[in-house]
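Participant: File name input-v3.cif; file contents mmCIF, C-alpha atoms; full text below.
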data_input
#
loop_
_atom_site.label_atom_id
_atom_site.label_comp_id
_atom_site.auth_asym_id
_atom_site.auth_seq_id
_atom_site.Cartn_x
_atom_site.Cartn_y
_atom_site.Cartn_z
CA MET A 679 29.07 238.78 30.29
CA ASN A 680 32.10 241.02 30.72
CA PRO A 681 30.87 244.34 32.26
CA ALA A 682 33.17 246.41 30.01
CA LEU A 683 31.83 244.67 26.93
CA THR A 684 28.25 245.10 28.09
CA THR A 685 28.82 248.80 28.75
CA GLY A 686 30.45 249.18 25.36
CA ILE A 687 27.67 247.47 23.46
CA MET A 688 25.01 249.48 25.25
CA GLU A 689 26.85 252.74 24.54
CA VAL A 690 27.18 251.92 20.84
CA ALA A 691 23.51 250.94 20.58
CA LYS A 692 22.40 254.04 22.46
CA LEU A 693 24.60 256.36 20.42
CA GLY A 694 23.54 254.78 17.13
CA LEU A 695 19.96 255.43 18.06
CA GLN A 696 20.71 259.02 19.07
CA VAL A 697 22.50 259.83 15.80
CA TYR A 698 19.74 258.20 13.75
CA LEU A 699 17.05 260.21 15.53
CA LEU A 700 19.04 263.43 15.17
CA ASN A 701 19.44 262.87 11.43
CA MET A 702 15.73 262.13 11.11
CA GLN A 703 14.91 265.31 13.03
CA LEU A 704 16.57 267.36 10.28
CA ALA A 705 15.28 265.30 7.36
CA GLY A 706 12.93 267.11 4.96
CA LYS A 707 12.68 270.28 7.05
CA SER A 708 12.24 273.74 5.52
CA PRO A 709 14.89 276.44 6.14
CA GLU A 710 12.53 278.14 8.60
CA GLU A 711 12.07 274.93 10.56
CA ILE A 712 15.84 274.32 10.54
CA GLU A 713 16.35 277.86 11.84
CA ARG A 714 13.89 277.25 14.66
CA ILE A 715 15.54 273.94 15.62
CA PHE A 716 18.96 275.64 15.38
CA GLN A 717 18.01 278.50 17.69
CA THR A 718 16.50 276.14 20.26
CA ALA A 719 19.54 273.87 20.21
CA TYR A 720 21.90 276.89 20.36
CA ALA A 721 20.17 278.30 23.43
CA GLU A 722 20.38 274.92 25.15
CA PHE A 723 24.03 274.53 24.12
CA LYS A 724 25.01 277.89 25.63
CA ALA A 725 23.61 276.75 28.97
CA ASN A 726 25.36 273.33 28.77
CA ARG A 727 28.84 274.42 29.85
CA PRO A 728 31.34 271.58 30.42
CA GLU A 729 32.60 273.16 33.68
CA ASP A 730 29.11 272.65 35.13
CA LEU A 731 29.28 268.88 34.62
CA PRO A 732 29.72 266.96 37.88
CA ASP A 733 32.89 264.92 38.38
CA VAL A 734 32.63 261.16 38.90
CA MET B 1313 23.55 240.31 35.56
CA LYS B 1314 20.24 238.83 34.21
CA LYS B 1315 18.58 242.27 34.51
CA LEU B 1316 21.50 243.90 32.66
CA ASP B 1317 21.43 241.27 29.90
CA CYS B 1318 17.69 241.83 29.37
CA LYS B 1319 18.21 245.58 29.24
CA LEU B 1320 21.04 245.15 26.75
CA LEU B 1321 18.94 242.87 24.61
CA VAL B 1322 16.05 245.35 24.54
CA VAL B 1323 18.32 248.24 23.52
CA VAL B 1324 20.01 246.25 20.76
CA MET B 1325 16.65 245.02 19.45
CA MET B 1326 15.25 248.56 19.39
CA VAL B 1327 18.20 249.83 17.38
CA LEU B 1328 18.02 246.92 14.96
CA LEU B 1329 14.28 247.43 14.55
CA LEU B 1330 14.77 251.08 13.67
CA PHE B 1331 17.47 250.39 11.12
CA LEU B 1332 15.80 247.37 9.52
CA VAL B 1333 12.07 248.13 9.58
CA LEU B 1334 12.03 251.86 8.78
CA PRO B 1335 14.30 252.28 5.74
CA SER B 1336 11.73 254.41 3.87
CA CYS B 1337 11.99 257.09 6.54
CA THR B 1338 15.58 257.77 5.53
CA LYS B 1339 14.57 258.73 1.98
CA HIS B 1340 14.77 262.45 2.75
CA SER B 1341 17.59 262.39 5.28
CA LYS B 1342 20.85 263.98 4.20
CA ALA B 1343 24.40 262.82 4.57
CA PHE B 1344 26.46 265.18 6.75
CA GLN B 1345 28.64 266.31 3.85
CA ASP B 1346 25.51 267.37 1.90
CA MET B 1347 24.10 269.52 4.72
CA THR B 1348 24.18 273.32 4.72
CA SER B 1349 26.36 275.04 7.35
CA LYS B 1350 23.27 275.74 9.43
CA GLU B 1351 22.14 272.12 9.26
CA LYS B 1352 25.64 270.97 10.22
CA ALA B 1353 25.67 273.41 13.15
CA THR B 1354 22.24 272.18 14.23
CA TRP B 1355 23.48 268.61 14.08
CA MET B 1356 26.60 269.44 16.11
CA LEU B 1357 24.57 271.29 18.75
CA SER B 1358 22.05 268.45 18.99
CA VAL B 1359 24.73 265.78 19.37
CA TYR B 1360 26.53 267.83 22.05
CA ASN B 1361 23.30 268.54 23.95
CA ALA B 1362 22.15 264.92 23.83
CA GLN B 1363 25.52 263.67 25.05
CA TYR B 1364 25.58 266.36 27.75
CA ASP B 1365 22.19 265.27 29.06
CA ASP B 1366 23.29 261.65 28.96
CA TYR B 1367 26.43 262.48 30.96
CA LYS B 1368 24.40 264.22 33.69
CA PHE B 1369 22.00 261.28 33.84
CA GLN B 1370 24.82 258.73 34.05
CA ALA B 1371 26.83 260.76 36.57
CA ALA B 1372 23.86 260.83 38.94
CA ARG B 1373 23.80 257.02 39.19
CA LEU B 1374 25.03 255.49 42.42
CA ASP B 1375 26.04 252.15 40.90
CA LEU B 1376 28.74 253.22 38.46
CA ASP B 1377 31.66 250.85 38.16
CA GLU B 1378 35.22 251.96 37.39
CA VAL B 1379 34.83 251.29 33.65
CA GLN B 1380 31.81 253.58 33.47
CA LYS B 1381 33.47 256.27 35.61
CA LYS B 1382 36.55 256.23 33.38
CA LEU B 1383 34.33 256.56 30.31
CA LEU B 1384 32.52 259.55 31.82
CA ARG B 1385 35.77 261.26 32.79
CA SER B 1386 37.04 260.87 29.21
CA LYS B 1387 33.77 262.25 27.89
CA LYS B 1388 34.06 265.30 30.13
CA GLU B 1389 37.49 266.02 28.63
CA VAL B 1390 35.99 265.92 25.16
CA PHE B 1391 33.13 268.21 26.19
CA THR B 1392 35.71 270.71 27.48
CA GLU B 1393 37.70 270.58 24.21
CA VAL B 1394 34.78 270.72 21.80
CA TYR B 1395 32.62 273.35 23.52
CA PRO B 1396 34.63 276.41 22.40
CA LEU B 1397 34.98 274.96 18.90
CA ILE B 1398 31.23 274.51 18.49
CA MET B 1399 30.65 277.95 20.01
CA THR B 1400 32.94 279.49 17.38
CA TYR B 1401 31.41 277.51 14.52
CA THR B 1402 27.87 278.32 15.58
CA GLY B 1403 28.73 281.98 16.01
CA TYR B 1404 29.96 282.12 12.44
CA VAL B 1405 26.88 280.34 11.11
CA ASP B 1406 24.48 282.48 13.14
CA SER B 1407 26.04 285.63 11.73
CA GLY B 1408 25.91 284.34 8.15
CA VAL B 1409 29.63 283.61 7.78
CA ILE B 1410 30.67 280.26 6.29
CA PRO B 1411 33.07 278.55 8.73
CA VAL B 1412 36.41 277.18 7.52
CA PRO B 1413 36.44 273.44 6.75
CA GLU B 1414 39.26 272.83 9.24
CA LEU B 1415 37.08 273.98 12.14
CA GLU B 1416 34.31 271.68 10.99
CA THR B 1417 36.74 268.76 10.79
CA MET B 1418 38.02 269.43 14.32
CA ILE B 1419 34.49 269.50 15.70
CA VAL B 1420 33.39 266.36 13.85
CA THR B 1421 36.52 264.53 15.01
CA ASN B 1422 35.80 265.43 18.64
CA LEU B 1423 32.12 264.54 18.35
CA GLU B 1424 33.10 261.21 16.79
CA ARG B 1425 35.33 260.64 19.84
CA LEU B 1426 32.34 261.38 22.04
CA LEU B 1427 30.04 259.16 20.04
CA GLY B 1428 32.51 256.33 19.60
CA MET B 1429 33.86 256.28 23.13
CA LEU B 1430 33.68 252.88 24.78
#
Could you express the structure from this file as structure tokens?
Facilitator:
Amino acid sequence: MNPALTTGIMEVAKLGLQVYLLNMQLAGKSPEEIERIFQTAYAEFKANRPEDLPDV
Amino acid sequence: MKKLDCKLLVVVMMVLLLFLVLPSCTKHSKAFQDMTSKEKATWMLSVYNAQYDDYKFQAARLDLDEVQKKLLRSKKEVFTEVYPLIMTYTGYVDSGVIPVPELETMIVTNLERLLGML
């Protein structure tokens, strides 16, 4: 199978799964729970600076 | 190639299983446009963080081919563009201010680029 096609299909499958799980994480949560998830994700985001990503 | 095909098959089957066998779990999930600003911000942060972790994992591999390297380089550009936008949006939300729709659109467009990048 074409490596580019294989990579593409795997990326789409992986990303579809990620988005689905993220949506489910927020489903049915109370405002307090959303706030807690928000603060945790925000703290992690602030540490995830793009300039710290390694080049390939 | 056999190993890669098996891996691909497993991933595709897992995704199909989730979407076909668990429809009742989506009963309470919200569409993005129906989310509050805080929920939208949480979603944006989570997508960014998950993609960031995936980039670091992929970049550490020793067997990347040129297609995969090119994909990662493009993703890094998007991370660089979207980071300040999400920071601004989240700052507004955290301080109780409703962000302008245009900022939200810009972030979603960039995250869609990240998510849809092949």
Participant: Evaluate the PyMOL selection byres ((chain A and resi 733) around 12) here and jot the selected residues down as a list in words.
Facilitator: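 Going through the file, the PyMOL selection byres ((chain A and resi 733) around 12) ends up selecting Pro728, Glu729, Asp730, Leu731, Pro732 and Val734 of chain A; Tyr1367, Lys1368, Gln1370, Ala1371, Ala1372, Lys1381, Lys1382, Leu1383, Leu1384, Arg1385, Ser1386, Lys1387, Lys1388 and Glu1389 of chain B.
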Participant: Write out as an mmCIF file with C-alpha atoms, in the frame of the given file the residues lying within 8 Å of Phe723 (chain A), counting only C-alpha atoms and excluding same-chain residues fewer than 2 positions away.
Facilitator:
data_model
loop_
_atom_site.group_PDB
_atom_site.id
_atom_site.type_symbol
_atom_site.label_atom_id
_atom_site.label_comp_id
_atom_site.auth_asym_id
_atom_site.auth_seq_id
_atom_site.Cartn_x
_atom_site.Cartn_y
_atom_site.Cartn_z
ATOM 1 C CA ALA A 719 19.540 273.870 20.210
ATOM 2 C CA TYR A 720 21.900 276.890 20.360
ATOM 3 C CA ALA A 721 20.170 278.300 23.430
ATOM 4 C CA ALA A 725 23.610 276.750 28.970
ATOM 5 C CA ASN A 726 25.360 273.330 28.770
ATOM 6 C CA ARG A 727 28.840 274.420 29.850
ATOM 7 C CA LEU B 1357 24.570 271.290 18.750
ATOM 8 C CA TYR B 1360 26.530 267.830 22.050
ATOM 9 C CA ASN B 1361 23.300 268.540 23.950
#
Participant: Draw an axis-aligned box tight on the listed atoms of region 1395-1407 of chain B, then pad every side by 8 Å and write out centre and edge lengths in Å to one decimal as AutoDock Vina command-line options.
Facilitator:
--center_x 29.7 --center_y 279.5 --center_z 17.3 --size_x 26.5 --size_y 28.3 --size_z 28.4
Participant: Starting from the displayed file, determine the output of the PyMOL selection byres ((chain A and resi 716) around 9) and express the residue list as a PyMOL selection string.
Facilitator: (chain A and resi 711-715+717-721) or (chain B and resi 1350-1351+1353-1355+1357-1358)
Participant: CA of Met1347 (chain B) and CA of Ile1419 (chain B) are how many Å apart?
Facilitator: 15.1 Å
Participant: For chain A, which of B:Gln1380, B:Asn1422, B:Thr1400, B:Gln1345 is the closest residue, counting only C-alpha atoms?
Facilitator: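 Closest candidate: B:Gln1380.
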Participant: If you count all atoms listed in the file, which residues fall within 12 Å of Met1418 (chain B), apart from same-chain ones fewer than 3 positions away, as a JSON list (two decimals) with C-alpha atoms, keeping the file's coordinate frame?
Facilitator:
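In the end it all went to selection-v6.json:
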[["chain", "number", "residue", "atom", "x", "y", "z"],
["B", 1356, "MET", "CA", 26.60, 269.44, 16.11],
["B", 1390, "VAL", "CA", 35.99, 265.92, 25.16],
["B", 1393, "GLU", "CA", 37.70, 270.58, 24.21],
["B", 1394, "VAL", "CA", 34.78, 270.72, 21.80],
["B", 1395, "TYR", "CA", 32.62, 273.35, 23.52],
["B", 1396, "PRO", "CA", 34.63, 276.41, 22.40],
["B", 1397, "LEU", "CA", 34.98, 274.96, 18.90],
["B", 1398, "ILE", "CA", 31.23, 274.51, 18.49],
["B", 1400, "THR", "CA", 32.94, 279.49, 17.38],
["B", 1401, "TYR", "CA", 31.41, 277.51, 14.52],
["B", 1411, "PRO", "CA", 33.07, 278.55, 8.73],
["B", 1412, "VAL", "CA", 36.41, 277.18, 7.52],
["B", 1413, "PRO", "CA", 36.44, 273.44, 6.75],
["B", 1414, "GLU", "CA", 39.26, 272.83, 9.24],
["B", 1415, "LEU", "CA", 37.08, 273.98, 12.14],
["B", 1421, "THR", "CA", 36.52, 264.53, 15.01],
["B", 1422, "ASN", "CA", 35.80, 265.43, 18.64],
["B", 1423, "LEU", "CA", 32.12, 264.54, 18.35],
["B", 1424, "GLU", "CA", 33.10, 261.21, 16.79],
["B", 1425, "ARG", "CA", 35.33, 260.64, 19.84]]
Participant: Of the candidates B:Cys1318, B:Leu1427, B:Tyr1404, B:Glu1378, which shows the shortest atom-to-atom distance to chain A, using all atoms listed in the file?
Facilitator: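 Nearest to chain A: B:Leu1427.
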Participant: When distances are computed from all atoms listed in the file, which of B:Val1379, B:Leu1374, B:Val1409, B:Val1420 shows the smallest separation from chain A?
Facilitator: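 Distance minimum relative to chain A lands on B:Val1379.
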Participant: Model the absent atoms of region 1354-1367 of chain B so that N, CA, C and O atoms are present, and write the result as a compact mmCIF listing (two decimals), in the frame of the given file.
Facilitator:
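Result file is selection28.txt:
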# COMPACT_ATOMS: atom_id res chain seq x y z
N THR B 1354 23.37 272.73 13.48
CA THR B 1354 22.24 272.18 14.23
C THR B 1354 22.54 270.75 14.67
O THR B 1354 22.25 270.37 15.81
N TRP B 1355 23.11 269.99 13.77
CA TRP B 1355 23.48 268.61 14.08
C TRP B 1355 24.52 268.57 15.20
O TRP B 1355 24.40 267.81 16.15
N MET B 1356 25.54 269.40 15.09
CA MET B 1356 26.60 269.44 16.11
C MET B 1356 26.01 269.81 17.47
O MET B 1356 26.33 269.19 18.49
N LEU B 1357 25.18 270.84 17.50
CA LEU B 1357 24.57 271.29 18.75
C LEU B 1357 23.71 270.18 19.35
O LEU B 1357 23.75 269.94 20.56
N SER B 1358 22.95 269.51 18.51
CA SER B 1358 22.05 268.45 18.99
C SER B 1358 22.83 267.27 19.55
O SER B 1358 22.44 266.72 20.59
N VAL B 1359 23.91 266.89 18.87
CA VAL B 1359 24.73 265.78 19.37
C VAL B 1359 25.33 266.16 20.72
O VAL B 1359 25.29 265.38 21.68
N TYR B 1360 25.92 267.36 20.80
CA TYR B 1360 26.53 267.83 22.05
C TYR B 1360 25.50 267.83 23.17
O TYR B 1360 25.75 267.32 24.26
N ASN B 1361 24.33 268.43 22.91
CA ASN B 1361 23.30 268.54 23.95
C ASN B 1361 22.81 267.17 24.41
O ASN B 1361 22.62 266.94 25.60
N ALA B 1362 22.63 266.26 23.47
CA ALA B 1362 22.15 264.92 23.83
C ALA B 1362 23.19 264.19 24.66
O ALA B 1362 22.86 263.55 25.67
N GLN B 1363 24.45 264.31 24.29
CA GLN B 1363 25.52 263.67 25.05
C GLN B 1363 25.68 264.31 26.42
O GLN B 1363 25.98 263.62 27.42
N TYR B 1364 25.49 265.62 26.49
CA TYR B 1364 25.58 266.36 27.75
C TYR B 1364 24.51 265.87 28.72
O TYR B 1364 24.79 265.59 29.89
N ASP B 1365 23.29 265.76 28.21
CA ASP B 1365 22.19 265.27 29.06
C ASP B 1365 22.44 263.84 29.51
O ASP B 1365 22.16 263.48 30.66
N ASP B 1366 22.99 263.04 28.60
CA ASP B 1366 23.29 261.65 28.96
C ASP B 1366 24.35 261.59 30.05
O ASP B 1366 24.25 260.79 30.98
N TYR B 1367 25.38 262.44 29.94
CA TYR B 1367 26.43 262.48 30.96
C TYR B 1367 25.83 262.80 32.34
O TYR B 1367 26.13 262.13 33.33
